[in-house]
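What follows is the content of upload-v7.txt (compact mmCIF, C-alpha atoms (C1' of nucleotides)).
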```txt
# COMPACT_ATOMS: atom_id res chain seq x y z
CA MET A 40 186.06 -200.55 -66.81
CA PRO A 41 183.02 -198.46 -66.95
CA GLU A 42 180.71 -198.86 -64.01
CA LEU A 43 178.03 -196.35 -63.06
CA PRO A 44 180.40 -193.45 -62.21
CA GLU A 45 182.45 -193.86 -65.38
CA VAL A 46 179.37 -194.11 -67.61
CA GLU A 47 177.83 -191.10 -65.87
CA THR A 48 181.07 -189.21 -66.54
CA MET A 49 180.93 -190.14 -70.23
CA VAL A 50 177.33 -188.95 -70.47
CA ARG A 51 178.04 -185.66 -68.71
CA GLY A 52 181.07 -185.16 -70.92
CA ILE A 53 179.36 -185.60 -74.26
CA ARG A 54 175.89 -184.27 -73.39
CA PRO A 55 176.52 -180.52 -73.88
CA HIS A 56 178.19 -181.16 -77.22
CA VAL A 57 175.76 -183.72 -78.61
CA GLU A 58 172.26 -182.80 -77.46
CA GLY A 59 170.40 -180.82 -80.08
CA ARG A 60 172.82 -181.75 -82.85
CA GLN A 61 171.77 -183.49 -86.01
CA ILE A 62 173.42 -186.73 -87.11
CA LEU A 63 175.03 -186.36 -90.53
CA SER A 64 176.45 -189.86 -90.62
CA VAL A 65 177.33 -192.93 -88.61
CA GLN A 66 180.22 -195.02 -89.73
CA ALA A 67 182.09 -198.07 -88.57
CA CYS A 68 185.78 -197.29 -88.41
CA ASP A 69 187.92 -199.74 -90.34
CA CYS A 70 189.92 -200.98 -87.45
CA PRO A 71 191.95 -204.14 -87.96
CA CYS A 72 190.37 -205.94 -85.03
CA ARG A 73 187.36 -208.26 -85.07
CA PRO A 74 184.12 -206.32 -85.42
CA MET A 75 182.11 -205.45 -82.33
CA LEU A 76 178.43 -206.26 -82.08
CA ILE A 77 176.32 -203.70 -83.92
CA GLU A 78 172.56 -204.21 -84.24
CA PRO A 79 170.85 -203.99 -86.62
CA ASN A 80 173.47 -203.90 -89.37
CA LEU A 81 175.12 -200.60 -90.18
CA LYS A 82 173.27 -200.00 -93.45
CA THR A 83 169.94 -200.24 -91.65
CA ILE A 84 171.15 -197.96 -88.88
CA GLN A 85 172.35 -195.37 -91.38
CA ALA A 86 168.99 -195.33 -93.13
CA ARG A 87 167.07 -195.01 -89.87
CA VAL A 88 169.10 -192.18 -88.31
CA GLN A 89 169.55 -190.11 -91.47
CA GLY A 90 168.95 -186.50 -90.43
CA ALA A 91 167.71 -187.34 -86.95
CA THR A 92 168.43 -185.02 -84.04
CA VAL A 93 169.86 -186.23 -80.75
CA GLU A 94 167.27 -185.03 -78.26
CA GLN A 95 168.75 -186.38 -75.08
CA VAL A 96 171.90 -188.11 -73.86
CA ARG A 97 171.37 -190.11 -70.68
CA ARG A 98 172.64 -193.01 -68.63
CA ARG A 99 170.71 -196.15 -67.76
CA ALA A 100 172.71 -198.39 -65.42
CA LYS A 101 176.06 -198.90 -67.22
CA ARG A 102 174.71 -197.93 -70.64
CA VAL A 103 174.80 -194.69 -72.59
CA VAL A 104 171.48 -193.86 -74.24
CA MET A 105 171.06 -191.30 -77.03
CA ASP A 106 167.37 -190.59 -77.67
CA LEU A 107 166.69 -189.48 -81.23
CA SER A 108 163.94 -187.30 -82.68
CA THR A 109 162.71 -190.33 -84.62
CA GLY A 110 161.80 -192.23 -81.46
CA ASP A 111 164.71 -194.62 -81.91
CA ALA A 112 167.59 -194.61 -79.45
CA PHE A 113 171.23 -195.58 -79.64
CA VAL A 114 172.13 -197.78 -76.69
CA ILE A 115 175.84 -198.19 -76.10
CA GLU A 116 177.13 -200.77 -73.65
CA PRO A 117 180.85 -200.13 -73.11
CA ARG A 118 181.41 -203.36 -71.14
CA MET A 119 185.08 -203.61 -70.15
CA THR A 120 187.01 -201.15 -72.27
CA GLY A 121 184.56 -198.98 -74.21
CA LEU A 122 184.77 -195.17 -74.25
CA MET A 123 182.71 -192.32 -75.67
CA LEU A 124 185.02 -189.60 -76.95
CA LEU A 125 184.71 -186.15 -78.47
CA ASP A 126 188.28 -185.91 -79.66
CA GLU A 127 191.80 -187.24 -79.36
CA PRO A 128 191.17 -190.98 -78.99
CA PRO A 129 193.77 -192.97 -77.00
CA SER A 130 194.62 -194.78 -80.24
CA VAL A 131 193.24 -194.75 -83.76
CA GLU A 132 193.60 -198.49 -83.73
CA HIS A 133 190.57 -199.25 -81.58
CA LEU A 134 188.15 -196.64 -82.82
CA ARG A 135 184.97 -198.54 -83.63
CA VAL A 136 182.19 -196.11 -84.51
CA GLU A 137 182.16 -192.51 -85.67
CA TRP A 138 179.18 -190.15 -85.60
CA THR A 139 179.43 -186.93 -87.59
CA LEU A 140 177.35 -184.08 -86.17
CA SER A 141 175.89 -181.15 -88.03
CA GLY A 142 175.83 -177.50 -87.07
CA SER A 143 178.36 -175.49 -85.21
CA GLY A 144 179.95 -176.68 -82.04
CA GLU A 145 183.31 -177.25 -80.49
CA PHE A 146 183.35 -180.82 -81.82
CA ASP A 147 181.89 -182.20 -85.01
CA ARG A 148 182.54 -185.84 -84.25
CA LEU A 149 181.66 -188.36 -81.60
CA TRP A 150 183.51 -191.66 -81.32
CA TYR A 151 183.05 -194.99 -79.68
CA TRP A 152 186.46 -196.49 -78.88
CA ASP A 153 186.86 -199.98 -77.44
CA ARG A 154 190.15 -201.83 -77.02
CA ARG A 155 188.84 -205.28 -76.25
CA GLY A 156 185.73 -204.82 -78.35
CA LEU A 157 183.37 -206.55 -75.95
CA GLY A 158 181.00 -203.58 -76.00
CA THR A 159 177.85 -203.29 -78.09
CA LEU A 160 176.02 -200.64 -80.09
CA ARG A 161 172.33 -201.01 -80.78
CA LEU A 162 169.68 -198.84 -82.36
CA LEU A 163 166.38 -199.65 -80.68
CA ASN A 164 162.78 -198.64 -81.33
CA ALA A 165 160.47 -197.72 -78.45
CA MET A 166 159.36 -201.27 -77.78
CA GLN A 167 162.90 -202.63 -77.80
CA GLN A 168 164.01 -199.82 -75.50
CA GLU A 169 161.45 -200.89 -72.95
CA ALA A 170 162.55 -204.51 -73.20
CA VAL A 171 166.26 -203.70 -72.88
CA LEU A 172 166.22 -200.74 -70.47
CA GLY A 173 163.00 -201.33 -68.53
CA LEU A 174 162.63 -202.65 -65.00
CA SER A 175 161.86 -206.13 -66.25
CA ASN A 176 165.43 -206.40 -67.53
CA LEU A 177 167.38 -204.09 -65.20
CA GLY A 178 166.73 -203.28 -61.56
CA PRO A 179 166.38 -199.72 -60.28
CA ASP A 180 169.41 -197.52 -60.77
CA ALA A 181 171.79 -197.81 -57.81
CA LEU A 182 171.42 -194.08 -57.10
CA GLU A 183 167.62 -194.34 -57.06
CA MET A 184 167.29 -197.22 -54.61
CA THR A 185 165.18 -196.67 -51.50
CA ILE A 186 165.62 -198.48 -48.19
CA GLN A 187 162.49 -200.41 -49.08
CA ASN A 188 164.12 -201.47 -52.36
CA TRP A 189 167.18 -202.70 -50.49
CA VAL A 190 165.14 -204.60 -47.92
CA ALA A 191 163.16 -206.18 -50.74
CA ILE A 192 166.14 -207.38 -52.76
CA CYS A 193 168.05 -208.66 -49.73
CA GLY A 194 164.81 -210.41 -48.78
CA ALA A 195 165.18 -214.13 -48.38
CA THR A 196 168.15 -214.81 -50.60
CA PRO A 197 171.23 -216.61 -49.30
CA THR A 198 173.33 -214.99 -52.05
CA PRO A 199 176.47 -213.31 -50.67
CA ILE A 200 175.90 -209.57 -50.52
CA LYS A 201 178.83 -208.78 -52.83
CA VAL A 202 177.37 -211.08 -55.48
CA LEU A 203 173.94 -209.51 -55.03
CA LEU A 204 175.37 -206.02 -55.57
CA LEU A 205 176.68 -207.18 -58.96
CA ASN A 206 173.30 -208.58 -60.05
CA GLN A 207 172.03 -205.97 -62.49
CA LYS A 208 168.50 -207.35 -62.37
CA LYS A 209 168.31 -206.52 -58.66
CA VAL A 210 170.17 -203.20 -58.65
CA ALA A 211 171.67 -201.63 -61.75
CA GLY A 212 174.98 -199.84 -62.13
CA ILE A 213 177.32 -201.28 -59.50
CA GLY A 214 180.30 -203.24 -60.81
CA ASN A 215 183.16 -205.21 -59.35
CA LEU A 216 185.30 -202.30 -58.24
CA TYR A 217 182.61 -200.25 -56.50
CA ALA A 218 180.99 -203.29 -54.87
CA SER A 219 184.15 -203.83 -52.81
CA GLU A 220 184.46 -200.13 -52.03
CA ILE A 221 180.82 -199.89 -50.90
CA LEU A 222 181.00 -202.89 -48.58
CA HIS A 223 184.19 -201.61 -46.96
CA LEU A 224 182.62 -198.24 -46.22
CA ALA A 225 179.54 -200.03 -44.86
CA ARG A 226 181.76 -202.39 -42.82
CA ILE A 227 179.99 -205.48 -44.15
CA HIS A 228 181.75 -208.77 -44.92
CA PRO A 229 181.32 -209.50 -48.65
CA GLU A 230 180.30 -213.12 -48.02
CA THR A 231 177.43 -212.24 -45.72
CA PRO A 232 174.23 -213.85 -47.03
CA ALA A 233 171.96 -211.01 -48.06
CA ARG A 234 169.06 -212.37 -45.99
CA SER A 235 171.07 -212.20 -42.80
CA LEU A 236 171.74 -208.45 -43.11
CA LYS A 237 170.01 -206.53 -40.37
CA ARG A 238 168.28 -203.23 -40.71
CA PRO A 239 171.22 -201.08 -39.53
CA GLN A 240 173.56 -202.84 -41.95
CA ILE A 241 171.17 -202.39 -44.84
CA LYS A 242 170.90 -198.72 -43.96
CA ARG A 243 174.68 -198.36 -43.83
CA MET A 244 174.98 -200.12 -47.18
CA ALA A 245 172.33 -197.89 -48.78
CA GLU A 246 174.19 -194.81 -47.55
CA ALA A 247 177.55 -196.20 -48.67
CA VAL A 248 176.21 -196.74 -52.19
CA GLN A 249 175.26 -193.07 -52.43
CA GLU A 250 178.48 -191.84 -50.85
CA ILE A 251 180.85 -193.98 -52.90
CA LEU A 252 179.13 -193.55 -56.25
CA GLU A 253 178.56 -189.81 -55.88
CA THR A 254 182.13 -189.21 -54.78
CA ALA A 255 183.44 -191.33 -57.64
CA ILE A 256 181.34 -189.30 -60.09
CA ARG A 257 182.75 -186.11 -58.62
CA HIS A 258 186.25 -187.47 -59.30
CA GLU A 259 185.20 -188.50 -62.84
CA GLY A 260 185.56 -192.22 -62.22
CA SER A 261 188.51 -194.56 -61.73
CA THR A 262 191.37 -194.98 -64.19
CA LEU A 263 193.08 -198.22 -63.19
CA GLY A 264 196.64 -199.30 -63.72
CA ASP A 265 196.25 -200.12 -67.40
CA GLY A 266 195.10 -196.53 -67.95
CA THR A 267 192.23 -197.53 -70.20
CA TYR A 268 189.44 -195.45 -68.74
CA ARG A 269 189.29 -191.88 -70.03
CA ASN A 270 186.61 -189.23 -70.01
CA ALA A 271 185.14 -187.73 -73.18
CA LEU A 272 188.21 -185.53 -73.59
CA ASN A 273 190.65 -188.42 -73.13
CA LYS A 274 191.61 -187.41 -69.60
CA SER A 275 192.07 -189.86 -66.72
CA GLY A 276 189.64 -190.05 -63.85
CA GLY A 277 190.81 -189.39 -60.30
CA TYR A 278 188.95 -191.74 -58.00
CA GLN A 279 191.61 -194.47 -58.17
CA ASN A 280 193.56 -192.36 -55.68
CA SER A 281 190.74 -192.72 -53.17
CA HIS A 282 190.24 -196.48 -53.40
CA ARG A 283 189.82 -198.01 -49.97
CA VAL A 284 190.34 -201.68 -50.85
CA TYR A 285 190.12 -202.37 -54.57
CA ASP A 286 193.41 -203.70 -55.94
CA ARG A 287 195.09 -203.02 -52.59
CA GLU A 288 195.75 -206.63 -51.57
CA ASP A 289 198.28 -206.93 -48.71
CA SER A 290 198.21 -203.19 -48.11
CA LEU A 291 197.17 -201.79 -44.77
CA CYS A 292 193.54 -200.78 -44.32
CA LEU A 293 193.37 -197.00 -44.29
CA ASP A 294 190.51 -197.00 -41.77
CA CYS A 295 191.71 -199.25 -38.96
CA GLU A 296 195.43 -199.10 -39.88
CA ARG A 297 195.75 -202.63 -38.47
CA GLY A 298 194.17 -205.08 -40.91
CA LYS A 299 195.72 -206.08 -44.19
CA ILE A 300 193.47 -205.98 -47.23
CA VAL A 301 192.73 -209.50 -48.44
CA ARG A 302 191.53 -210.72 -51.82
CA ILE A 303 189.07 -213.54 -52.32
CA VAL A 304 187.20 -214.77 -55.39
CA GLN A 305 183.40 -214.72 -55.59
CA SER A 306 181.55 -215.64 -58.76
CA GLN A 307 184.89 -215.68 -60.57
CA ARG A 308 185.58 -212.06 -59.68
CA SER A 309 188.07 -210.60 -57.21
CA THR A 310 186.70 -209.18 -53.98
CA PHE A 311 188.84 -207.04 -51.68
CA PHE A 312 188.07 -206.35 -48.04
CA CYS A 313 189.54 -205.72 -44.59
CA ARG A 314 189.24 -208.62 -42.15
CA VAL A 315 189.28 -206.25 -39.21
CA CYS A 316 186.74 -203.68 -40.39
CA GLN A 317 184.42 -206.12 -42.17
CA ARG A 318 183.57 -208.86 -39.69
CA ARG A 319 181.34 -211.76 -40.51
CA THR A 320 177.75 -211.75 -39.34
CA ARG A 321 176.42 -214.57 -37.13
CA SER A 322 174.94 -216.78 -39.86
CA SER A 323 177.63 -216.21 -42.48
CA PRO A 324 179.16 -219.29 -44.10
C1' DA B 289 203.96 -218.96 -71.48
C1' DT B 290 200.44 -217.88 -68.23
C1' DT B 291 197.16 -215.08 -65.87
C1' DA B 292 194.00 -211.55 -64.85
C1' DA B 293 191.40 -207.39 -66.08
C1' DT B 294 186.06 -202.02 -64.43
C1' DG B 295 181.01 -206.77 -67.99
C1' DT B 296 177.51 -209.69 -69.84
C1' DT B 297 175.53 -213.94 -71.67
C1' DC B 298 174.77 -218.67 -72.44
C1' DA B 299 175.10 -223.76 -71.99
C1' DG B 300 174.99 -227.20 -68.86
C1' DA B 301 174.95 -228.88 -64.21
C1' DA B 302 173.01 -229.06 -59.61
C1' DT C 36 161.58 -224.50 -62.37
C1' DT C 37 165.38 -222.03 -60.52
C1' DT C 38 170.07 -221.09 -59.39
C1' DC C 39 174.80 -221.49 -59.81
C1' DT C 40 179.42 -222.35 -62.34
C1' DG C 41 182.47 -222.13 -65.96
C1' DA C 42 183.49 -220.72 -70.38
C1' DA C 43 183.32 -217.46 -73.90
C1' DC C 44 183.88 -212.98 -76.12
C1' DA C 45 189.01 -210.00 -77.59
C1' DT C 46 193.02 -207.53 -76.26
C1' DT C 47 196.83 -206.23 -73.54
C1' DA C 48 200.14 -206.01 -69.82
C1' DA C 49 202.42 -207.85 -65.88
```
In structure tokens, write the structure found in this file.
Amino acid sequence: MPELPEVETMVRGIRPHVEGRQILSVQACDCPCRPMLIEPNLKTIQARVQGATVEQVRRRAKRVVMDLSTGDAFVIEPRMTGLMLLDEPPSVEHLRVEWTLSGSGEFDRLWYWDRRGLGTLRLLNAMQQEAVLGLSNLGPDALEMTIQNWVAICGATPTPIKVLLLNQKKVAGIGNLYASEILHLARIHPETPARSLKRPQIKRMAEAVQEILETAIRHEGSTLGDGTYRNALNKSGGYQNSHRVYDREDSLCLDCERGKIVRIVQSQRSTFFCRVCQRRTRSSP
DNA sequence: ATTAATGTTCAGAA
DNA sequence: TTTCTGAACATTAA
């Protein structure tokens, strides 16, 4: 679930309650499911974070980063169903990790909850942080992209633009849901080869990225039908009520009120778009 | 019973 | 060498 707006919402939710606090303990919850990936092993993590202070909570792409006073950082990758929570988890069953925080505050615990358990928790030193979070591994954050960045990544590649938007090495933070939303707002057909996008289209796309992601953040992300996504206080997001095309197959396009939303598959993922609003470009397949 | 789901990675093929 | 596809990871709900 979590794409950039959901991860940003998690970070904003926990930040005021976690920054400046000392870590008293980190524990893996004994949940009956298969264990998630934790690196290095928990014993090593516990020894390394003993008494450390959380200096900063931030987002990098779709990851939550907690910078510690020791120079190490927790990097949490929620993948499909991971959540950072301050209290009242959706279920005790899928609690995975529990941090206990020192000092006074509204909350004395922080949890990582993950139903499917595809997410990961890693404690990284400075060098590992650079390797995992740096520009050699992840492209610029979607909200930091310049027009020049967009022109450069669209460059000479025949890759369909929707697929390019999901490539985290080119641009980091956009996921399957928001890629469809962005291209609908920009009125670009998702199968358009990136290299055939013209300047005005690239500009529209760049603006759509900002508009869609910022609005989604303002609405605290999208909680889809299965209700999995929750903010740090276990409340649903609100952006699902503003979706233009995602999961609206066969519904009428809200913009043109003529076209039906269609669903296609690209790179094994669903893409939704309006045939009327998002016409193919000349050299599209 | 089958299928698909907001993400990433890896093996193997092209 | 590079790029793409399919499968895998684990769980749940339609």
Adding 8 Å on each side of the box along x, y and z that holds all listed atoms of chain C, could you give its centre and edge lengths in Å to one decimal, as AutoDock Vina command-line options?
```
--center_x 182.0 --center_y -215.3 --center_z -68.5 --size_x 56.8 --size_y 34.5 --size_z 34.2
```
Name the residues in contact with DA292 in chain B at a cut-off of 12 Å, using only C-alpha atoms (C1' of nucleotides), excluding same-chain residues fewer than 3 positions from it; report them as a list in words. Asp265, Asp286, Gln307, Arg308 and Ser309 of chain A; DT47, DA48 and DA49 of chain C
Residues of chain B within 9 Å of chain A, counting all atoms listed in the file, what are they? List them as number ranges by chain. B: 293-296
Serialized selection, C-alpha atoms (C1' of nucleotides), as a compact mmCIF listing (two decimals), in the frame of the given file:
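And here's selection-v6.txt as it stands now:
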```
# COMPACT_ATOMS: atom_id res chain seq x y z
C1' DA B 293 191.40 -207.39 -66.08
C1' DT B 294 186.06 -202.02 -64.43
C1' DG B 295 181.01 -206.77 -67.99
C1' DT B 296 177.51 -209.69 -69.84
```
Would you kindly report the residues of chain A within 7 Å of chain C, using only C-alpha atoms (C1' of nucleotides), as a ChimeraX atom specification? /A:154-157
Identify which of the residues A:Gln317, A:Asn80, A:Thr139, A:Ser64 lies closest to Glu230 in chain A, counting only C-alpha atoms when measuring atom-to-atom distances.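 Of the candidates, the smallest distance to Glu230 in chain A is held by A:Gln317.
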Between C1' of DT291 in chain B and CA of Asp153 in chain A lies a distance of 21.6 Å
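Note that the spacing between CA of Val136 in chain A and CA of Gly59 in chain A amounts to 19.8 Å.
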Please provide as a tab-separated table (two decimals) with C-alpha atoms, keeping the file's coordinate frame all residues within 7 Å of range 222-227 of chain A, with the sequence filter that same-chain residues fewer than 6 positions apart are discarded (counting only C-alpha atoms (C1' of nucleotides)).
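This is the output file part_34.tsv:
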```
chain	number	residue	atom	x	y	z
A	243	ARG	CA	174.68	-198.36	-43.83
A	244	MET	CA	174.98	-200.12	-47.18
A	247	ALA	CA	177.55	-196.20	-48.67
A	312	PHE	CA	188.07	-206.35	-48.04
A	316	CYS	CA	186.74	-203.68	-40.39
A	317	GLN	CA	184.42	-206.12	-42.17
A	318	ARG	CA	183.57	-208.86	-39.69
```
Would you mind listing, for every residue of range 42-129 of chain A within 12 Å of range 140-146 of chain A, the two atoms forming the shortest contact and the distance between them in Å to one decimal, using all atoms listed in the file, sorted by chain and ascending residue number, as a tab-separated table?
```
residue	atom	partner	partner_atom	distance
A:Gly52	CA	A:Phe146	CA	12.0
A:Ile53	CA	A:Phe146	CA	9.8
A:Arg54	CA	A:Phe146	CA	11.8
A:Pro55	CA	A:Gly144	CA	9.6
A:His56	CA	A:Gly144	CA	6.8
A:Val57	CA	A:Leu140	CA	7.7
A:Glu58	CA	A:Leu140	CA	10.2
A:Gly59	CA	A:Gly142	CA	9.5
A:Arg60	CA	A:Ser141	CA	6.1
A:Gln61	CA	A:Ser141	CA	5.2
A:Ile62	CA	A:Leu140	CA	4.8
A:Leu63	CA	A:Leu140	CA	5.4
A:Ser64	CA	A:Leu140	CA	7.3
A:Val65	CA	A:Leu140	CA	9.2
A:Gln66	CA	A:Leu140	CA	11.9
A:Val88	CA	A:Leu140	CA	11.8
A:Gln89	CA	A:Leu140	CA	11.2
A:Gly90	CA	A:Ser141	CA	9.1
A:Ala91	CA	A:Leu140	CA	10.2
A:Thr92	CA	A:Leu140	CA	9.2
A:Val93	CA	A:Leu140	CA	9.5
A:Leu124	CA	A:Phe146	CA	10.2
A:Leu125	CA	A:Phe146	CA	6.4
A:Asp126	CA	A:Phe146	CA	7.4
A:Glu127	CA	A:Phe146	CA	10.9
```
Atom pair CA of Glu296 in chain A / CA of His282 in chain A: separation (Å):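 Between these atoms lies a distance of 14.7 Å.
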Taking into account all atoms listed in the file, which residue in the set A:Met105, A:Val301, A:Leu204, A:Met166 is nearest to Thr231 in chain A? A:Leu204
Around the point (186.1, -211.7, -48.9) (coordinates from the file), which residues reach within 8 Å if we count only C-alpha atoms (C1' of nucleotides)? Answer as a ChimeraX atom specification. /A:228-230,301-305,310-312
